[in-house]
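Working notes, beginning with the structure itself.
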Amino acid sequence: MGKFSTFSKGLLKENPVLKLVLGTCPTLAVTTLAFNGIGMGLAATFVLICSNVLISALRKVIPNQVRIPAFITVIAAFVTIVQMLVKVLLPALDEALGVFLPLITVNCIILGRAEMFASKNPVLDSALDGLGMGLGFTLALTVMASVREILGAGTLTLLPGVTFQIIPQSVDPFGIMITPPGGFFIFGVTMALVIYLEGRKGRKIKLEASCSSCPAAAGCPGACEGCDGKGGE
């Protein structure tokens, strides 16, 4: 797997939230404001990169019998660092995320990447994997939080005190969107959209590969496997 593929797979193809359905609890809980989604995603990205790098560097030292406790210890150390930084620099974000910030320690996305990738691959690849998965997580949270906030409150909050009025105040927003049922609805719609786009992309690649790239396409009778007999149309 190339370096770019290692990084990019977490953005959409293996997006931890929308394709692998991991980290659902914080995804639904904190995506009531765009700022919360961005903050949670970036905090998790920092922990992903740092823990992946350290676990990869120590993968030949950590005994297999205690690898999970060791991984959790490494992850918890970086989560503690993030939590202290957020408390000092962004107290509003710390208050908004609440218990979900320290619970990054047991986030299945981070522990899963440590077990499935970082413990088996070199440091650079592990860093790229953590960056890609973290940005994919951030992207999913930001999109969901933005949609929920705009529809549910009519605003878009990007930073503390920086709020844009998107829907005029004279229009009543759909308040249900910032409640748990609204979160599940937006989550489902976003997942369905990603799957639909992936399906269209895969179909296009398959058709191009079956006919357009075939050296015998001009005289093809449509007998090749996967060919519809219409020249890929």
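Chains: A, B, ... in order of the structure tokens. Residues: from 1 per chain. Ligands: from 1, in order shown.
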
Quick one: residues within 12 Å of Val30 of chain A, only C-alpha atoms, excluding same-chain residues fewer than 4 positions away - as a JSON list (two decimals) with C-alpha atoms, in the first residue's frame?
[["chain", "number", "residue", "atom", "x", "y", "z"],
["A", 23, "GLY", "CA", -16.91, 6.16, 17.63],
["A", 24, "THR", "CA", -20.70, 6.46, 17.30],
["A", 25, "CYS", "CA", -21.29, 7.56, 20.90],
["A", 26, "PRO", "CA", -19.17, 10.76, 20.82],
["A", 34, "ALA", "CA", -19.90, 22.80, 14.48],
["A", 35, "PHE", "CA", -17.22, 24.01, 16.91],
["A", 36, "ASN", "CA", -17.74, 20.96, 19.12],
["A", 37, "GLY", "CA", -17.32, 18.61, 16.16],
["A", 38, "ILE", "CA", -14.14, 20.34, 15.00],
["A", 39, "GLY", "CA", -12.67, 20.37, 18.50],
["A", 40, "MET", "CA", -13.47, 16.73, 19.23],
["A", 41, "GLY", "CA", -12.13, 15.64, 15.84],
["A", 93, "LEU", "CA", -14.68, 23.45, 24.44],
["A", 94, "ASP", "CA", -13.70, 21.50, 27.54],
["A", 95, "GLU", "CA", -17.06, 22.30, 29.11],
["A", 96, "ALA", "CA", -18.96, 21.45, 25.92],
["A", 97, "LEU", "CA", -17.26, 18.08, 25.37],
["A", 98, "GLY", "CA", -17.45, 17.14, 29.03],
["A", 99, "VAL", "CA", -16.77, 13.49, 29.77],
["A", 100, "PHE", "CA", -16.33, 12.63, 26.09],
["A", 101, "LEU", "CA", -12.89, 14.29, 26.02],
["A", 138, "THR", "CA", -12.99, 15.28, 12.06],
["A", 140, "ALA", "CA", -17.54, 13.42, 9.57],
["A", 141, "LEU", "CA", -18.12, 15.20, 12.88],
["A", 142, "THR", "CA", -17.83, 18.66, 11.33],
["A", 144, "MET", "CA", -22.83, 16.32, 10.84],
["A", 145, "ALA", "CA", -22.48, 19.06, 13.47],
["A", 146, "SER", "CA", -22.78, 21.84, 10.87],
["A", 148, "ARG", "CA", -27.51, 19.74, 12.79],
["A", 149, "GLU", "CA", -26.69, 23.24, 14.05],
["A", 178, "ILE", "CA", -30.12, 19.13, 17.91],
["A", 179, "THR", "CA", -31.80, 16.39, 19.94],
["A", 180, "PRO", "CA", -30.73, 12.69, 19.97],
["A", 183, "GLY", "CA", -28.58, 13.15, 15.55]]

From a backbone DSSP assignment, name each residue in segment 38-217 of chain A labelled strand (DSSP E), as number ranges by chain.
A: 155-159, 162-165

Residue selection dump (N, CA and C atoms) as an mmCIF file, in the first residue's frame:
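Full text of part27.cif as output:
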data_model
loop_
_atom_site.group_PDB
_atom_site.id
_atom_site.type_symbol
_atom_site.label_atom_id
_atom_site.label_comp_id
_atom_site.auth_asym_id
_atom_site.auth_seq_id
_atom_site.Cartn_x
_atom_site.Cartn_y
_atom_site.Cartn_z
ATOM 1 N N THR A 155 -27.895 28.571 13.121
ATOM 2 C CA THR A 155 -26.595 29.225 13.235
ATOM 3 C C THR A 155 -25.472 28.274 12.856
ATOM 4 N N LEU A 156 -24.261 28.828 12.755
ATOM 5 C CA LEU A 156 -23.055 28.033 12.522
ATOM 6 C C LEU A 156 -21.948 28.599 13.390
ATOM 7 N N THR A 157 -21.518 27.827 14.385
ATOM 8 C CA THR A 157 -20.503 28.281 15.344
ATOM 9 C C THR A 157 -19.172 27.624 15.016
ATOM 10 N N LEU A 158 -18.198 28.415 14.581
ATOM 11 C CA LEU A 158 -16.893 27.888 14.208
ATOM 12 C C LEU A 158 -15.854 28.057 15.307
ATOM 13 N N LEU A 159 -16.017 29.096 16.139
ATOM 14 C CA LEU A 159 -15.123 29.359 17.259
ATOM 15 C C LEU A 159 -15.949 29.935 18.404
ATOM 16 N N VAL A 162 -17.781 33.183 17.829
ATOM 17 C CA VAL A 162 -17.856 33.424 16.381
ATOM 18 C C VAL A 162 -18.999 32.575 15.831
ATOM 19 N N THR A 163 -20.178 33.157 15.785
ATOM 20 C CA THR A 163 -21.384 32.455 15.345
ATOM 21 C C THR A 163 -22.031 33.216 14.200
ATOM 22 N N PHE A 164 -22.339 32.503 13.146
ATOM 23 C CA PHE A 164 -22.974 33.097 11.976
ATOM 24 C C PHE A 164 -24.450 32.703 11.943
ATOM 25 N N GLN A 165 -25.298 33.697 11.682
ATOM 26 C CA GLN A 165 -26.729 33.422 11.549
ATOM 27 C C GLN A 165 -27.002 32.986 10.119
#

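When the distance limit is 9 Å and only C-alpha atoms are what count, the residues near Asn107 of chain A, minus those fewer than 3 positions from it on the same chain, are A:Leu22, A:Gly23, A:Pro26, A:Ala44, A:Leu103, A:Ile104, A:Ile110, A:Leu111, A:Gly112.
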
Near-Gly134 of chain A list (12 Å; only C-alpha atoms; drop same-chain fewer than 2 positions) as a PyMOL selection string
chain A and resi 7-12+14-17+23+38-52+107+109-110+113+126-132+136-141

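You will find atom CA of Gln65 of chain A at 13.1 Å from atom CA of Ser119 of chain A.
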
Please report, as an MDAnalysis selection string, each residue of chain A to which DSSP assigns alpha helix (DSSP H) when run on this structure's backbone.
chainID A and resid 3:8 24:30 34:57 67:89 91:97 108:116 123:153 180:207
